[in-house]
>>> print(open('my_file15.txt').read())   # compact mmCIF, C-alpha atoms
# COMPACT_ATOMS: atom_id res chain seq x y z
CA MET A 1 113.35 36.28 21.54
CA MET A 2 109.52 36.26 21.58
CA GLY A 3 107.77 35.38 18.35
CA SER A 4 109.18 35.26 14.87
CA ILE A 5 110.28 38.08 12.61
CA SER A 6 108.07 38.87 9.59
CA MET A 7 109.73 38.53 6.19
CA GLY A 8 111.83 41.60 5.42
CA SER A 9 110.07 43.86 7.93
CA GLY A 10 112.15 43.45 11.05
CA VAL A 11 108.91 43.64 13.11
CA PRO A 12 107.87 40.67 15.30
CA THR A 13 104.67 39.01 14.06
CA TRP A 14 103.26 38.95 17.61
CA TRP A 15 103.50 42.74 17.69
CA LEU A 16 101.71 43.02 14.35
CA ARG A 17 98.92 40.87 15.77
CA VAL A 18 98.65 43.14 18.85
CA VAL A 19 98.52 46.23 16.66
CA GLY A 20 95.83 44.59 14.54
CA VAL A 21 93.69 43.84 17.59
CA LEU A 22 94.16 47.38 18.91
CA CYS A 23 93.09 48.83 15.57
CA VAL A 24 89.91 46.75 15.63
CA LEU A 25 89.16 47.86 19.21
CA VAL A 26 89.78 51.53 18.42
CA LYS A 27 87.58 51.33 15.33
CA ALA A 28 84.77 49.72 17.35
CA SER A 29 85.11 52.38 20.03
CA LEU A 30 84.94 55.20 17.50
CA SER A 31 81.86 53.75 15.83
CA ALA A 32 79.99 53.17 19.08
CA VAL A 33 77.07 55.52 19.77
CA SER A 34 77.35 57.14 23.17
CA VAL A 35 74.30 57.56 25.40
CA ASP A 36 72.94 61.09 25.77
CA PRO A 37 72.32 61.68 29.50
CA SER A 38 69.92 64.50 28.57
CA GLY A 39 67.56 61.99 26.94
CA TYR A 40 65.86 61.55 23.59
CA ILE A 41 62.76 62.60 21.68
CA THR A 42 61.11 60.61 18.94
CA TYR A 43 57.68 60.71 17.33
CA CYS A 44 55.46 59.41 14.59
CA PRO A 45 55.10 61.95 11.73
CA CYS A 46 51.52 60.79 11.42
CA MET A 47 49.79 63.90 10.03
CA GLY A 48 49.50 64.24 6.29
CA ARG A 49 51.98 63.77 3.49
CA PHE A 50 55.49 65.10 3.12
CA GLY A 51 54.72 68.84 3.10
CA ASN A 52 52.92 68.63 6.43
CA GLN A 53 55.55 66.28 7.86
CA ALA A 54 58.33 68.70 6.87
CA ASP A 55 56.50 71.62 8.52
CA GLN A 56 56.22 69.71 11.79
CA PHE A 57 59.74 68.33 11.53
CA LEU A 58 61.10 71.86 11.86
CA GLY A 59 58.96 72.43 14.96
CA SER A 60 60.11 69.10 16.42
CA LEU A 61 63.71 70.09 15.77
CA GLY A 62 63.12 73.29 17.73
CA PHE A 63 61.36 71.38 20.52
CA ALA A 64 64.29 68.97 20.97
CA HIS A 65 66.70 71.89 21.03
CA ALA A 66 64.64 73.71 23.68
CA LEU A 67 64.48 70.63 25.92
CA ASN A 68 68.18 69.89 25.28
CA ARG A 69 67.43 66.33 24.20
CA SER A 70 68.68 64.38 21.21
CA LEU A 71 66.14 64.09 18.40
CA VAL A 72 65.70 60.59 17.01
CA LEU A 73 65.05 61.33 13.34
CA PRO A 74 61.92 59.43 12.31
CA PRO A 75 61.52 57.99 8.83
CA TRP A 76 59.28 59.83 6.38
CA VAL A 77 55.83 58.30 6.10
CA GLU A 78 54.73 57.68 2.52
CA TYR A 79 51.46 56.38 1.13
CA LYS A 80 51.43 54.23 -1.99
CA ARG A 81 48.23 53.82 -3.97
CA HIS A 82 48.59 50.05 -4.24
CA LEU A 83 49.32 49.54 -0.53
CA ILE A 84 46.89 49.65 2.39
CA LYS A 85 49.50 50.54 5.00
CA SER A 86 52.06 53.32 4.94
CA VAL A 87 55.69 52.87 3.94
CA GLN A 88 58.46 54.26 6.13
CA VAL A 89 61.48 55.73 4.31
CA PRO A 90 64.59 56.28 6.49
CA PHE A 91 65.33 59.94 7.09
CA ASP A 92 68.76 59.88 5.49
CA VAL A 93 67.50 58.52 2.18
CA TYR A 94 66.34 62.05 1.37
CA PHE A 95 68.36 64.30 3.69
CA LYS A 96 71.77 64.57 5.30
CA VAL A 97 72.08 64.01 9.03
CA GLY A 98 75.33 65.94 9.53
CA PRO A 99 74.09 69.51 8.93
CA LEU A 100 71.33 69.08 11.53
CA ARG A 101 73.98 68.49 14.20
CA ARG A 102 75.03 72.12 13.89
CA TYR A 103 71.75 72.92 15.68
CA VAL A 104 70.83 69.95 17.87
CA ARG A 105 72.03 66.42 18.63
CA VAL A 106 70.39 63.96 16.22
CA LEU A 107 70.58 60.33 15.13
CA THR A 108 68.43 58.23 12.83
CA MET A 109 65.72 55.93 14.13
CA GLU A 110 67.60 52.99 12.64
CA THR A 111 70.77 53.83 14.59
CA PHE A 112 68.86 54.50 17.79
CA MET A 113 66.91 51.23 17.70
CA LYS A 114 69.97 49.14 16.86
CA GLU A 115 72.61 50.76 19.05
CA LEU A 116 70.82 52.38 21.99
CA ALA A 117 67.23 51.21 22.45
CA PRO A 118 68.15 47.83 24.00
CA THR A 119 69.76 49.68 26.94
CA VAL A 120 68.17 53.15 27.21
CA TRP A 121 64.67 52.14 26.00
CA PRO A 122 64.31 48.39 26.54
CA GLN A 123 61.13 46.42 25.93
CA GLY A 124 58.91 46.58 28.96
CA GLN A 125 59.81 50.21 29.64
CA ARG A 126 58.44 51.94 26.56
CA ILE A 127 56.01 54.78 27.25
CA ALA A 128 53.80 56.46 24.64
CA PHE A 129 53.25 60.18 25.18
CA CYS A 130 50.12 62.03 24.09
CA TYR A 131 48.18 65.10 25.20
CA SER A 132 45.12 63.09 26.23
CA ALA A 133 43.52 59.70 25.62
CA ARG A 134 42.98 58.63 22.01
CA HIS A 135 40.07 56.40 21.07
CA GLY A 136 41.03 52.83 20.39
CA THR A 137 40.98 49.24 21.51
CA ASP A 138 41.59 50.10 25.15
CA SER A 139 38.34 52.09 25.38
CA GLY A 140 40.10 55.44 25.30
CA GLN A 141 42.09 54.88 28.47
CA GLY A 142 45.50 55.42 26.89
CA CYS A 143 47.37 56.93 23.95
CA ASN A 144 46.55 54.02 21.64
CA ALA A 145 49.80 54.87 19.90
CA LYS A 146 49.42 52.08 17.35
CA GLU A 147 45.75 52.51 16.55
CA GLY A 148 45.12 53.10 12.83
CA ASN A 149 47.23 53.91 9.80
CA PRO A 150 50.00 55.07 9.70
CA PHE A 151 50.46 54.70 13.47
CA GLU A 152 50.56 50.90 13.55
CA SER A 153 52.79 50.41 10.52
CA PHE A 154 55.13 53.19 11.65
CA TRP A 155 55.97 51.68 15.03
CA ASP A 156 55.80 48.10 13.70
CA THR A 157 58.55 48.93 11.21
CA TYR A 158 60.91 49.01 14.20
CA GLY A 159 59.22 46.32 16.28
CA ILE A 160 58.05 48.84 18.86
CA ASP A 161 55.23 48.08 21.30
CA PHE A 162 54.29 50.38 24.16
CA ASP A 163 53.87 49.23 27.74
CA ARG A 164 51.91 52.19 29.06
CA SER A 165 50.76 55.73 28.26
CA GLU A 166 51.63 59.10 29.71
CA PHE A 167 49.43 62.18 29.22
CA PHE A 168 51.29 65.49 29.14
CA GLN A 169 48.37 67.90 29.24
CA PRO A 170 48.24 70.82 29.91
CA LEU A 171 51.80 71.22 28.58
CA TYR A 172 52.23 72.39 25.00
CA TYR A 173 55.07 72.74 22.49
CA ASN A 174 55.68 76.46 23.05
CA THR A 175 59.45 76.67 22.77
CA GLN A 176 59.39 80.47 23.01
CA SER A 177 58.15 80.28 26.59
CA ALA A 178 60.96 79.67 29.08
CA HIS A 179 58.31 78.81 31.66
CA GLU A 180 56.77 76.13 29.44
CA VAL A 181 60.17 74.62 28.59
CA ARG A 182 61.03 74.51 32.29
CA ARG A 183 57.74 72.73 33.06
CA TRP A 184 58.58 70.04 30.48
CA LYS A 185 61.99 69.47 32.05
CA GLU A 186 60.64 69.36 35.58
CA ARG A 187 57.74 67.04 34.81
CA PHE A 188 59.72 64.62 32.62
CA PRO A 189 63.36 64.59 33.81
CA PRO A 190 65.69 62.46 31.64
CA ALA A 191 66.68 60.29 34.60
CA ASP A 192 63.08 59.06 34.91
CA TYR A 193 62.00 59.50 31.29
CA PRO A 194 65.03 58.89 29.06
CA VAL A 195 62.85 58.71 25.92
CA LEU A 196 59.84 60.88 25.10
CA ALA A 197 58.08 58.96 22.31
CA PHE A 198 55.15 61.02 21.02
CA THR A 199 52.18 59.60 19.14
CA GLY A 200 52.38 62.63 16.83
CA PRO A 201 54.87 65.42 16.14
CA PRO A 202 55.70 67.61 19.16
CA ALA A 203 55.13 70.70 17.05
CA ALA A 204 52.38 73.02 15.87
CA PHE A 205 50.96 73.01 12.35
CA PRO A 206 51.60 74.92 10.19
CA VAL A 207 55.24 75.62 11.04
CA GLN A 208 55.62 78.55 13.42
CA GLU A 209 57.38 81.68 12.24
CA HIS A 210 60.34 81.26 14.59
CA HIS A 211 60.99 77.73 13.30
CA VAL A 212 61.01 78.56 9.57
CA ARG A 213 64.69 79.51 9.80
CA LEU A 214 65.60 75.96 10.86
CA HIS A 215 65.13 74.79 7.28
CA ARG A 216 68.69 75.98 6.62
CA PHE A 217 69.92 72.85 8.42
CA LEU A 218 67.92 70.55 6.13
CA HIS A 219 70.08 69.55 3.16
CA TRP A 220 69.27 67.06 0.42
CA SER A 221 71.25 63.83 0.43
CA ASP A 222 73.93 63.45 -2.23
CA SER A 223 71.80 60.80 -3.89
CA MET A 224 68.75 63.07 -4.21
CA MET A 225 70.78 66.02 -5.45
CA GLY A 226 72.46 63.73 -7.95
CA LYS A 227 69.09 62.63 -9.31
CA ALA A 228 67.90 66.23 -9.59
CA ARG A 229 71.02 67.34 -11.42
CA ASP A 230 70.84 64.33 -13.73
CA PHE A 231 67.24 65.17 -14.65
CA ILE A 232 68.09 68.82 -15.27
CA ALA A 233 71.11 67.85 -17.37
CA ALA A 234 69.04 65.43 -19.45
CA HIS A 235 65.92 67.55 -19.95
CA VAL A 236 66.76 71.20 -19.31
CA GLN A 237 70.46 71.57 -20.12
CA GLY A 238 70.83 74.01 -23.01
CA HIS A 239 67.41 75.49 -22.26
CA THR A 240 68.34 77.74 -19.35
CA PRO A 241 67.27 79.78 -17.55
CA PHE A 242 64.38 77.55 -16.53
CA LEU A 243 61.20 78.21 -14.61
CA GLY A 244 59.74 75.81 -12.04
CA LEU A 245 55.99 75.44 -11.43
CA HIS A 246 53.94 73.70 -8.77
CA LEU A 247 50.34 73.14 -9.85
CA ARG A 248 47.99 71.98 -7.08
CA ASN A 249 44.83 71.30 -9.06
CA GLY A 250 43.47 67.96 -7.86
CA VAL A 251 39.88 67.63 -6.67
CA ASP A 252 40.95 67.11 -3.05
CA PHE A 253 42.71 70.45 -2.98
CA LYS A 254 39.83 72.14 -4.79
CA ASN A 255 37.51 70.98 -2.02
CA ALA A 256 39.95 72.14 0.66
CA CYS A 257 40.13 75.58 -0.95
CA GLU A 258 36.44 76.11 -0.24
CA HIS A 259 37.40 76.67 3.40
CA ILE A 260 39.70 79.59 2.68
CA LYS A 261 36.74 81.97 2.73
CA THR A 262 36.45 81.43 6.48
CA SER A 263 40.12 80.50 7.12
CA PRO A 264 42.23 82.84 4.94
CA SER A 265 45.42 81.84 6.79
CA MET A 266 44.92 78.08 6.46
CA PHE A 267 47.68 75.59 5.78
CA ALA A 268 50.83 77.31 4.46
CA ALA A 269 49.22 80.67 3.62
CA PRO A 270 51.50 82.60 6.04
CA GLN A 271 54.43 81.91 3.68
CA CYS A 272 53.09 84.60 1.35
CA ILE A 273 50.51 86.66 3.25
CA GLY A 274 52.65 86.79 6.40
CA TYR A 275 52.01 85.42 9.88
CA ARG A 276 50.04 88.54 10.73
CA SER A 277 48.47 88.90 7.27
CA GLN A 278 50.70 91.93 6.79
CA PHE A 279 51.20 91.21 3.09
CA GLY A 280 47.66 90.31 2.09
CA THR A 281 44.75 87.91 2.62
CA GLY A 282 44.32 84.37 1.40
CA THR A 283 41.75 83.99 -1.39
CA TYR A 284 40.19 81.15 -3.34
CA GLU A 285 41.96 82.34 -6.50
CA MET A 286 45.32 82.01 -4.78
CA CYS A 287 44.41 78.53 -3.54
CA TYR A 288 42.86 77.23 -6.77
CA PRO A 289 43.62 79.58 -9.70
CA ASP A 290 41.85 78.91 -13.00
CA ASP A 291 43.83 77.70 -15.99
CA LYS A 292 43.70 81.03 -17.84
CA ALA A 293 45.17 82.87 -14.87
CA VAL A 294 47.95 80.27 -14.57
CA ILE A 295 48.84 80.51 -18.27
CA ARG A 296 48.93 84.32 -18.16
CA GLN A 297 51.26 84.29 -15.15
CA VAL A 298 53.58 81.71 -16.69
CA LYS A 299 53.81 83.74 -19.91
CA LYS A 300 54.68 86.83 -17.90
CA GLU A 301 57.43 85.07 -15.92
CA VAL A 302 58.86 83.31 -18.97
CA LYS A 303 59.24 86.69 -20.63
CA ARG A 304 60.61 88.37 -17.50
CA ILE A 305 63.46 85.92 -16.87
CA GLY A 306 63.93 84.84 -20.50
CA ALA A 307 63.13 81.22 -19.67
CA LYS A 308 63.88 78.63 -22.33
CA ALA A 309 62.35 75.75 -20.40
CA VAL A 310 59.66 75.20 -17.77
CA PHE A 311 59.57 72.29 -15.33
CA VAL A 312 56.09 71.34 -14.09
CA ALA A 313 55.32 69.48 -10.87
CA THR A 314 51.67 68.66 -10.26
CA ASP A 315 49.32 66.40 -8.35
CA ASN A 316 46.90 66.26 -11.29
CA ARG A 317 46.83 68.19 -14.60
CA ASP A 318 50.16 69.50 -15.93
CA LEU A 319 48.65 71.92 -18.54
CA ILE A 320 51.70 71.31 -20.75
CA SER A 321 49.55 71.08 -23.89
CA GLU A 322 47.92 74.42 -23.06
CA PHE A 323 51.27 76.05 -22.20
CA SER A 324 52.88 74.81 -25.40
CA LYS A 325 50.17 76.35 -27.59
CA GLU A 326 50.78 79.75 -26.01
CA MET A 327 54.60 79.56 -25.81
CA LYS A 328 55.79 77.57 -28.82
CA LYS A 329 59.50 78.34 -28.37
CA VAL A 330 59.61 77.18 -24.76
CA LYS A 331 60.33 73.59 -23.73
CA PHE A 332 57.91 72.21 -21.12
CA VAL A 333 58.95 69.13 -19.16
CA ARG A 334 57.81 67.04 -16.23
CA GLN A 335 58.77 63.71 -14.74
CA PRO A 336 57.36 60.62 -16.45
CA SER A 337 54.39 59.13 -14.62
CA PRO A 338 54.35 58.10 -11.85
CA ALA A 339 56.41 61.09 -10.75
CA ASP A 340 58.56 60.98 -7.64
CA PRO A 341 57.30 63.94 -5.55
CA MET A 342 60.60 64.17 -3.64
CA LEU A 343 62.51 64.50 -6.88
CA ASP A 344 60.01 67.18 -7.96
CA LEU A 345 60.93 69.13 -4.82
CA ALA A 346 64.66 68.82 -5.41
CA ILE A 347 64.33 69.97 -9.04
CA LEU A 348 62.07 72.92 -8.16
CA GLY A 349 64.65 74.09 -5.67
CA GLN A 350 67.17 74.48 -8.52
CA ALA A 351 64.96 76.50 -10.89
CA ASP A 352 65.97 80.07 -11.77
CA HIS A 353 62.53 81.20 -10.60
CA PHE A 354 59.68 79.28 -9.01
CA ILE A 355 55.92 79.84 -8.99
CA GLY A 356 54.05 77.89 -6.32
CA ASN A 357 50.78 77.61 -4.50
CA CYS A 358 50.60 79.93 -1.49
CA ILE A 359 48.39 77.54 0.50
CA SER A 360 50.37 74.35 -0.15
CA THR A 361 52.94 73.00 2.31
CA PHE A 362 54.62 71.25 -0.65
CA THR A 363 55.28 74.69 -2.15
CA ALA A 364 56.33 75.96 1.29
CA PHE A 365 59.14 73.42 1.44
CA VAL A 366 60.50 74.67 -1.90
CA LYS A 367 60.19 78.32 -0.89
CA ARG A 368 62.10 77.81 2.36
CA GLU A 369 64.91 76.06 0.53
CA ARG A 370 65.04 78.75 -2.13
CA ASP A 371 65.01 81.53 0.48
CA ASN A 372 68.09 79.97 2.06
CA SER A 373 69.90 79.82 -1.28
CA GLY A 374 68.90 83.32 -2.41
CA LYS A 375 66.55 82.15 -5.17
CA THR A 376 63.26 83.88 -5.95
CA THR A 377 59.70 82.61 -5.51
CA SER A 378 56.26 83.95 -6.42
CA PHE A 379 52.74 82.59 -5.99
CA TRP A 380 49.69 82.02 -8.15
CA SER A 381 47.32 85.01 -8.25
CA PHE A 382 49.02 86.70 -5.29
CA HIS A 383 50.00 90.36 -5.41
CA PRO A 384 51.67 91.30 -2.12
CA LYS A 385 50.91 94.67 -0.69
CA GLN A 386 53.79 96.93 0.25
CA THR A 387 55.06 96.95 3.81
CA ALA A 388 54.61 100.15 5.76
CA SER A 389 58.22 100.13 6.95
CA SER A 390 60.10 99.51 3.74
CA GLY A 391 57.65 100.55 1.04
CA ARG A 392 58.64 97.52 -1.02
CA GLU A 393 57.00 94.25 -1.84
CA ASP A 394 57.96 91.27 0.27
CA LEU A 395 57.56 87.71 -0.97
>>> encode(input="my_file15.txt", output="structure tokens")
Amino acid sequence: MMGSISMGSGVPTWWLRVVGVLCVLVKASLSAVSVDPSGYITYCPCMGRFGNQADQFLGSLGFAHALNRSLVLPPWVEYKRHLIKSVQVPFDVYFKVGPLRRYVRVLTMETFMKELAPTVWPQGQRIAFCYSARHGTDSGQGCNAKEGNPFESFWDTYGIDFDRSEFFQPLYYNTQSAHEVRRWKERFPPADYPVLAFTGPPAAFPVQEHHVRLHRFLHWSDSMMGKARDFIAAHVQGHTPFLGLHLRNGVDFKNACEHIKTSPSMFAAPQCIGYRSQFGTGTYEMCYPDDKAVIRQVKKEVKRIGAKAVFVATDNRDLISEFSKEMKKVKFVRQPSPADPMLDLAILGQADHFIGNCISTFTAFVKRERDNSGKTTSFWSFHPKQTASSGREDL
């Protein structure tokens, strides 16, 4: 008889060893990442901070879906005051990957570079895609994908160097045009171009109206939601309902707001005035409201919803001292400095009502999340006009 019998089991030990090997092989097979024959899209989210990156992420998600390619989820680019170069935070630190797969095939940059890049995108065959030549060390003859910050640090995080450039002009990221989508597929077939690696997001800014709905696939990671709930439990529990505020009152934003006189739909303004300005027009007061106007609006909302607490997220002055003098029975809280802006976002999404800045893409992220969960949002110094069709206000 082959092999020995294991103690008390009646099963040959050689068979147990075979089963063990098979289990290891099956596990390895299940964990292996299969190659997508339709190809991949990746890009550097190299325009602005998180609010802008999130806007263009939704467009990039739609672009990958339209081209029927897998989207390699790039890390989020963050800028720390004490560091010269950007810091790249893996996508799944903040958000879940699974829900995105209900819309398009996705995988993280970390998984792609470790499991697939050596075969589908090997060194020596890496092409940078851009609309036209970017100025840089090669005298403007190529994409210069790694020229400047955060471009260099972004690609260096994954040890990526490019071997040549490919210009895609006059193509654009118009996913609503079947003709344009077809031109992308015909010009860059997956068999010849398995990976489209863009120097910037393959999406318009601000987010286009037809891509706003894609935010419903973007869910906070368990870790981030846990942190938000812990903060609320520690600082707001027992003081509900609570109001969330986003104050954008730094000098950089004040300077940017000067341009709204000539560009009333700038940045995230369509989130409140509408993509066709059907609900109003962007104004300086909406972009940079004065303190008195902010306090009046907060008092009104506190009274309306019966708020017992107010959470403040800000890039500069929190006005908590001023609020407290006017509303002595209300608890005002914010994160200790330095605040984590991502945690601010997660907390604001849980508020019973939220007041944000119409022009800010940071506010826009919160509004999209709240729209998907049925929570209400209003904006500083904005009074929407009634729609002709419904006769009711639309936020």
>>> residues_around(input="my_file15.txt", residues="stretch 174-186 of chain A", least_positions_apart="3", cutoff="8 Å", atoms="all atoms listed in the file", output="list of chain:residue names")
A:Gly62, A:Phe63, A:Ala66, A:Leu67, A:Leu171, A:Pro189, A:Pro190
>>> residues_around(input="my_file15.txt", residues="A:His383", least_positions_apart="4", cutoff="12 Å", atoms="only C-alpha atoms", output="PyMOL selection string")
chain A and resi 272-273+279-283+285-286+297+358+378-379+393-395
>>> residues_around(input="my_file15.txt", residues="stretch 245-260 of chain A", least_positions_apart="4", cutoff="8 Å", atoms="only C-alpha atoms", output="number ranges by chain")
A: 264-266, 282-284, 287-288, 310-318, 348, 354-357, 360, 363
>>> residues_around(input="my_file15.txt", residues="A:Gly51", least_positions_apart="2", cutoff="8 Å", atoms="all atoms listed in the file", output="list of chain:residue names")
A:Gly48, A:Arg49, A:Gln53, A:Ala54, A:Asp55, A:Ser360, A:Thr361, A:Phe362, A:Thr363, A:Ala364, A:Phe365
>>> atom_distance(input="my_file15.txt", atom1="atom CA of A:Gly200", atom2="atom CA of A:Cys44")
5.0 Å
>>> residues_around(input="my_file15.txt", residues="stretch 109-118 of chain A", least_positions_apart="4", cutoff="7 Å", atoms="all atoms listed in the file", output="list of chain:residue names")
A:Val33, A:Val72, A:Leu73, A:Pro74, A:Pro122
>>> atom_distance(input="my_file15.txt", atom1="atom CA of A:Arg69", atom2="atom CA of A:Ser38")
5.4 Å
>>> closest_residue(input="my_file15.txt", among="A:Leu58, A:Met327, A:Ala234, A:Ala203", to="A:Arg296", atoms="all atoms listed in the file")
A:Met327
>>> atom_distance(input="my_file15.txt", atom1="atom CA of A:Phe151", atom2="atom CA of A:Val77")
9.8 Å
>>> closest_residue(input="my_file15.txt", among="A:Ala346, A:Val195, A:Leu100, A:Leu319", to="A:Val333", atoms="all atoms listed in the file")
A:Leu319
>>> closest_residue(input="my_file15.txt", among="A:Ala204, A:Asp163, A:Gly226, A:Arg134", to="A:Asn52", atoms="all atoms listed in the file")
A:Ala204
>>> residues_near_point(input="my_file15.txt", point="(58.4, 56.3, -6.7)", cutoff="12 Å", atoms="only C-alpha atoms", output="NGL selection string")
:A and (78-82 or 87 or 89 or 335-344)
>>> residues_near_point(input="my_file15.txt", point="(47.2, 48.1, 20.6)", cutoff="12 Å", atoms="all atoms listed in the file", output="JSON, numbers by chain")
{"A": [128, 134, 135, 136, 137, 138, 139, 140, 141, 142, 143, 144, 145, 146, 147, 148, 151, 152, 153, 155, 156, 160, 161, 162, 163, 164, 165]}
>>> closest_residue(input="my_file15.txt", among="A:Ser373, A:Ser223, A:Thr199, A:Thr157", to="A:Lys85", atoms="all atoms listed in the file")
A:Thr157
>>> closest_residue(input="my_file15.txt", among="A:Asn372, A:Ser321, A:Thr42, A:Thr262", to="A:Arg126", atoms="all atoms listed in the file")
A:Thr42
>>> decode(input="my_file15.txt", residues="stretch 87-100 of chain A", atoms="N, CA and C atoms", output="compact mmCIF listing (two decimals), in the first residue's frame")
# COMPACT_ATOMS: atom_id res chain seq x y z
N VAL A 87 3.09 63.75 -2.50
CA VAL A 87 3.00 62.43 -1.88
C VAL A 87 1.85 61.70 -2.55
N GLN A 88 2.06 60.44 -2.90
CA GLN A 88 1.02 59.66 -3.58
C GLN A 88 0.37 58.69 -2.59
N VAL A 89 -0.93 58.82 -2.40
CA VAL A 89 -1.67 57.97 -1.47
C VAL A 89 -2.49 56.96 -2.27
N PRO A 90 -2.26 55.66 -2.10
CA PRO A 90 -2.99 54.65 -2.87
C PRO A 90 -4.49 54.88 -2.84
N PHE A 91 -5.13 54.64 -3.96
CA PHE A 91 -6.55 54.91 -4.12
C PHE A 91 -7.39 54.29 -3.02
N ASP A 92 -7.10 53.03 -2.69
CA ASP A 92 -7.95 52.31 -1.76
C ASP A 92 -7.72 52.65 -0.29
N VAL A 93 -6.83 53.57 -0.01
CA VAL A 93 -6.71 54.08 1.36
C VAL A 93 -7.97 54.86 1.72
N TYR A 94 -8.49 55.60 0.75
CA TYR A 94 -9.66 56.45 0.98
C TYR A 94 -10.97 55.85 0.48
N PHE A 95 -10.91 55.06 -0.60
CA PHE A 95 -12.14 54.58 -1.23
C PHE A 95 -12.09 53.10 -1.56
N LYS A 96 -13.27 52.49 -1.61
CA LYS A 96 -13.39 51.08 -1.95
C LYS A 96 -13.25 50.89 -3.45
N VAL A 97 -12.64 49.79 -3.83
CA VAL A 97 -12.47 49.46 -5.24
C VAL A 97 -13.69 48.71 -5.77
N GLY A 98 -14.25 47.83 -4.94
CA GLY A 98 -15.34 46.96 -5.36
C GLY A 98 -16.53 47.66 -6.01
N PRO A 99 -17.10 48.69 -5.38
CA PRO A 99 -18.28 49.34 -5.97
C PRO A 99 -18.04 49.91 -7.36
N LEU A 100 -16.82 50.32 -7.66
CA LEU A 100 -16.51 50.87 -8.99
C LEU A 100 -16.67 49.81 -10.08
